[in-house]
Amino acid sequence: MTRRVPVVVASVCLASALTACGGGGAATDSAPTTLNASADLSKQSLTISIWDGYSPKDLPERVKAKLGFDTKVAIHDTNETIMAKLTAGGDSGIDVAFVSGQYAQALNAQGLLEPLHRELIPNLKNLYPEASQLAYDKGNVFSVPYTWGTTGLCYRSDLVKTPPTSWKDLLEPAKDLKKKITMMTTERWLALPALKLLGASVNTTDQATLDKAKELLLKVKPDLLAYDDTTFGDRLKSGEAAMVEAWDGWCPTSEKNIKFVVPKEGSDLWADTMVILKSSKNKEAAHAFINYILDPEVHGWVPANILYRIPNKAAMDKVDPKLLESYPTLAEPPSELLKGESLVDLGEASSAYTRLSTEVSAAQ
Amino acid sequence: MRRHGWLRLPFWLTYLFLYAPIVVLVVMSFNRNKSPYTWGGFSLDWYGRLAENDSIRTGLVNTLIVALGSTVLSTVLGTLLAVGLARHTRSRLLDALSTLPAILPDLVIAIGLLVFYSAIKLTLGLHSVLIAHTVFGMAFVTAVVRARLGGMDTSLEEASRDLGAAPLTTFVKITLPTLAPGIVAGALLAFTLSLDEFVIAFFTAAPSEPTLPIVIYSMVRFGVTPEINALATLLLAVSFTVVIVAQRLTRLTEALR
Amino acid sequence: MTARQPARLLGKAAGRVATMGPGFGFLTVFMLVPLALVLSYTVFRRGRFGGVLYEPTGENFTRLADPLYLDVVIGSVKLAAITTLLALLLGYPTAYLIAKLPARWKVIALVAVVLPFWTNFLIRTYAWIVLLNSEGPVNSGLKALGLGPVELLYTDGAIVAGLLYAYLPLMILPLYSAVEKLDPELREASANLGARPARTFWSVTLPLSLPGVLTGCVFVFVPSLGNFVIPELLGGGRRIMVGNLIRDQFLKARDWPFGSVLALAVIAVLVLLLFAQAWAARRAGRGA
């Protein structure tokens with residue numbers, strides 16, 4: 001406890017001093033830092049922020065053994081939570097954050113990300129060429145994709161009469177599915193089924209299209225069991241829900257009777273990426289960490305354990321063929337994924353989506 | 001009691017309402033089955049799993065640091081403030097100001113500090129939560145100690161002053177000991193409130209230093225495993241013990257007087 | 001203590017600073033300055049990534065009149081009011097009976113009211129998900145009686161149950177202290193004058209405990225309005241309250257000025273209620 005007292009006293013003084021001069025606007029200097037390729041990594045330590053269960057539990061020990069520095073793993077529940085902390089002003093204390101592509105793009109637009117020093121990440125060569133063609137960050141300038149996938153319908157084949165094929169099956173549900181379906185609430189994924197059913201782009205900023213999408217979403221609201229971004233898999237398993245909007249990797253297809261389908265109107269291509277914060281004081285370690293993750297042995301943990309597809313060709317080539325047999329979506333080539341539309345940050349226009357989602361959740 | 005027959009229904013309803021969820025939690029923590037809706041036999045597995053859960057352990061340590069730190073700070077600042085308000089001013093404005101943090105909704109305090117920390121570019125960490133918890137903890141300590149001061153006999157203090165004791169001596173030798181029960185009660189209150197505080201911590205904690213309620217929140221969001229029920233049961237057991245020990249202690253001190 | 005003793009006066013000033021200085025200094029920096037910041041943000045334009053641009057505008061306030069947000073505000077006031085009313089209906093008789101218990105039982109009954117609150121607030125809320133689920137114990141009971149299953153979870157009713165559960169003790173405790181303080185002689189006098197118990201309650205007990213009632217109502221109503229976790233967990237995201245709206249302005253939409261306006265609205269409601277309570281306390285004080 002006594003160790004903390006000076007910290008408190010210092011921050012009190014600091015706080016009063018700084019308010020007196022009135023902390024002003026932010027000016028981020030954009031000059032690239034020079035990194036020392038032969039820096040002593042054991043003198044650094046890393047804090048990463050990632051979704052729960054998205055990396056091996058013993059990752060810190062393995063990083064320590066291989067690279068010699070300590071890693072601390074912070075957990076965030078949604079993109080929004082971590083975005084709020086990263087954009088709040090001061091140093092968040094995070095060195096490497098895992099966020100979805102469009103959020104990485106937004107962070108970069110604010111000048112919060114360190115441009116990647118490619119020479120420190122030789123394992124980038126393991127990625128599929130397609131992985132550098134994602135619309136939110138062409139050429140992987142500030143982000144490296146960790147997983148990628150698409151959004152579709154996850155359903156219980158024993159509880160639905162006819163397997164769904166269209167977003168219409170979700171937005172205009174059959175009678176016996178009423179109160180048995182969930183949709184996601186995160187703004188862009190809330191709008192996705194309606195936009196796709198209307199034949200529009202998932203990145204549209206056309207207000208008339210968004211209004212039509214809103215009508216569809218309002219109409220289905222009374223038939224939903226709940227809005228759910230996180231526990232839809234459990235709801236399917238327990239039979240509480242029969243059909244849910246889901247990311248492919250989160251659909252528990254390992255269970256009997258649970259299937260995943262991308263509706264015929266098409267869907268998105270999302271990527272969860274790794275980014276290095278400009279405020280990081282451990283940038284060499286951060287690069288070494290990303291390079292380590294891209295090692296086929298390490299990255300291969302993802303498809304083998306949580307059944308997400310990864311943009312790492314060298315790792316995907318090593319995936320157990322038996323696994324690919326039982327999970328055909330894992331075996332699909334990247335070209336299949338690229339049929340999906342890449343989600344990009346919409347900058348100012350994103351407030352239209354915020355409003356849409358508020359309107360939908362506020363409606364009674 | 002007999003005269004109030006019709007009042008008994010809401011009375012017992014209240015206790016049923018308060019304890020039904022608690023019973024569910026405790027029973028489920030011993031359920032072998034992962035699903036909360038079917039009984040799969042008695043098991044202590046979840047308690048074992050709980051012990052292995054690193055993020056819960058980190059959260060618990062962080063929570064204890066924050067709660068202890070903010071309690072110490074709240075108690076010192078709040079006690080002094082209560083004495084000052086009772087002895088050195090009649091301002092009702094200052095009085096109201098001292099209780100404001102206890103009345104303001106937690107969300108308002110939370111966004112206020114978020115905006116403030118962001119404006120001064122403070123690096124978030126345990127210290128930022130500790131400060132935030134002190135804001136409301138102090139208000140509760142002040143209120144409790146003031147209540148004690150209200151009923152306090154001032155003649156001893158006056159006698160001490162008349163005998164020529166310095167103000168500080170009077171404060172340390174007379175005022176503080178008389179106030180002790182109020183101070184302890186206020187500190188306990190501040191500690192308890194800090195332990196369970198979620199909203200303010202959610203806004204002011206660094207992502208790498210979550211408190212226990214934040215860890216639990218992200219776990220609950222992802223569907224609850226019975227580990228969480230085991231944790232709740234343990235927390236309940238600890239609280240129960242604390243209450244009983246506190247009761248015994250008060251009775252003991254009363255007997256000693 | 002007179003002007004003839006300057007040293008004493010100086011000591012008095014020093015005592016004032018020494019006792020109240022640190023506390024009010026702390027509150028100024030970490031509560032008043034932040035509140036002032038929030039207040040000032042209400043008149044500026046939103047920054048693209050959170051924060052504000054220092055360009056004055058009135059549009060944040062006009063947005064409050066937008067039916068979209070107005071409906072959310074009205075809806076949450078309704079839910080918070082129902083919660084408060086239920087808390088009063090359950091809490092008053094409970095507090096009244098506790099106050100009548102023998103001293104030993106009184107302590108036990110009071111501790112029993114507070115004890116559930118020593119487990120974690122989120123875990124307690126989660127317990128309601130289990131209780132109200134379509135497969136949960138309540139519905140099993142209803143099914144056995146041939147009445148169910150009824151859709152309980154992810155409804156406004158579930159949100160009210162969660163809020164009530166979270167804040168009921170905050171109603172019972174002030175009510176208890178208000179009822180406990182009442183002079184039993186007043187009630188006896190009323191009975192001796194021939195008033196029936198119901199009349200005694202309405203014309204003596206209730207008016208005298210009104211300040212406690214209002215304190216309890218403020219303690220339940222205000223945090224209910226600002227809660228965002230319970231609507232999220234028990235409402236299934238299908239209902240949002242002012243608390244969710246505020247949280248979303250800061251964490252999702254990154255529209256700090258509008259979030260500040262909403263926070264200001266909550267503070268305004270609080271101030272109104274506090275005035276009502278002070279008024280009632282004064283009235284009751286005069287009546288006694």
# chains A, B, ... in the order shown; residues from 1 in each chain; ligands from 1
>>> interface_residues(of="chain A", to="chain C", cutoff="7 Å", atoms="only C-alpha atoms", output="list in words")
Ser16, Glu80, Thr81, Ala84, Ala226, Tyr227, Glu348, Ser351, Thr354, Glu359, Ser361 and Ala362 of chain A
>>> interface_residues(of="chain B", to="chain C", cutoff="7 Å", atoms="only C-alpha atoms", output="MDAnalysis selection string")
chainID B and resid 7 10:11 14 18 21 24:25 36:37 77:78 80:81 83:84 88 105 107:108 112:113 115:116 135 196 217 232 235:236 239
>>> closest_atom_pairs(of="chain A", to="chain B", cutoff="6 Å", atoms="only C-alpha atoms", output="CSV")
residue,atom,partner,partner_atom,distance
A:Gly23,CA,B:Ile120,CA,5.1
A:Ala74,CA,B:Ser208,CA,4.6
A:Asp77,CA,B:Ser218,CA,5.5
A:Ala88,CA,B:Ser118,CA,5.5
A:Gly89,CA,B:Ser118,CA,4.6
A:Gly90,CA,B:Lys121,CA,4.0
A:Asp91,CA,B:Thr123,CA,4.8
A:Thr230,CA,B:Phe222,CA,5.2
A:Thr231,CA,B:Phe222,CA,5.4
>>> atom_distance(atom1="CA of Arg199 in chain C", atom2="CA of Ala278 in chain C")
25.5 Å
>>> closest_atom_pairs(of="range 102-173 of chain A", to="range 249-253 of chain A", cutoff="9 Å", atoms="only C-alpha atoms", output="CSV")
residue,atom,partner,partner_atom,distance
A:Trp148,CA,A:Gly249,CA,8.9
A:Gly149,CA,A:Gly249,CA,7.3
A:Thr150,CA,A:Gly249,CA,8.5
A:Leu153,CA,A:Cys251,CA,8.5
A:Cys154,CA,A:Cys251,CA,5.8
A:Tyr155,CA,A:Cys251,CA,8.4
>>> write_last_selection(atoms="C-alpha atoms", output="PDB file, in the first residue's frame")
ATOM      1  CA  TRP A 148     -10.469 -13.069 -40.625  1.00  0.00           C
ATOM      2  CA  GLY A 149     -13.885 -14.285 -41.464  1.00  0.00           C
ATOM      3  CA  THR A 150     -17.400 -13.361 -42.334  1.00  0.00           C
ATOM      4  CA  LEU A 153     -26.463 -17.255 -39.880  1.00  0.00           C
ATOM      5  CA  CYS A 154     -25.722 -19.851 -37.263  1.00  0.00           C
ATOM      6  CA  TYR A 155     -28.629 -22.183 -36.615  1.00  0.00           C
TER       7      TYR A 155
END
>>> select_by_dssp(residues="range 36-155 of chain A", states="strand (DSSP E or B)", output="PyMOL selection string")
chain A and resi 45-50+70-75+96-100+113+127+144-149+151-155
>>> residues_around(residues="Pro211 in chain C", least_positions_apart="4", cutoff="10 Å", atoms="only C-alpha atoms", output="PyMOL selection string")
chain C and resi 174-175+178+206-207+215-217+276-285
>>> atom_distance(atom1="CA of Ser42 in chain A", atom2="CA of His76 in chain A")
26.3 Å
>>> closest_residue(among="A:Ala135, A:Phe98, A:Leu198, A:Glu297", to="Asp211 in chain A", atoms="only C-alpha atoms")
A:Leu198
>>> decode(residues="range 202-236 of chain B", atoms="C-alpha atoms", output="tab-separated table (two decimals), in the first residue's frame")
chain	number	residue	atom	x	y	z
B	202	PHE	CA	-15.24	0.89	-15.72
B	203	PHE	CA	-14.67	4.44	-16.95
B	204	THR	CA	-11.48	5.27	-15.07
B	205	ALA	CA	-9.47	2.03	-14.99
B	206	ALA	CA	-6.61	1.31	-17.34
B	207	PRO	CA	-7.44	-1.58	-19.67
B	208	SER	CA	-4.46	-3.49	-18.29
B	209	GLU	CA	-5.45	-3.04	-14.64
B	210	PRO	CA	-9.10	-4.09	-14.32
B	211	THR	CA	-10.75	-4.33	-10.93
B	212	LEU	CA	-12.71	-7.44	-9.98
B	213	PRO	CA	-16.13	-6.02	-10.95
B	214	ILE	CA	-14.75	-5.19	-14.40
B	215	VAL	CA	-13.39	-8.71	-14.79
B	216	ILE	CA	-16.74	-10.12	-13.72
B	217	TYR	CA	-18.55	-7.81	-16.15
B	218	SER	CA	-16.56	-9.06	-19.12
B	219	MET	CA	-17.13	-12.64	-17.95
B	220	VAL	CA	-20.88	-12.13	-17.50
B	221	ARG	CA	-21.01	-10.59	-20.96
B	222	PHE	CA	-19.60	-13.78	-22.41
B	223	GLY	CA	-22.02	-16.01	-20.61
B	224	VAL	CA	-21.46	-17.11	-17.09
B	225	THR	CA	-19.60	-20.17	-16.01
B	226	PRO	CA	-20.36	-21.58	-12.57
B	227	GLU	CA	-16.92	-20.28	-11.53
B	228	ILE	CA	-18.60	-16.93	-11.07
B	229	ASN	CA	-21.20	-18.49	-8.80
B	230	ALA	CA	-18.42	-20.02	-6.75
B	231	LEU	CA	-16.86	-16.58	-6.47
B	232	ALA	CA	-20.17	-15.05	-5.37
B	233	THR	CA	-20.61	-17.74	-2.74
B	234	LEU	CA	-17.12	-17.10	-1.39
B	235	LEU	CA	-17.72	-13.34	-1.28
B	236	LEU	CA	-20.94	-13.97	0.58
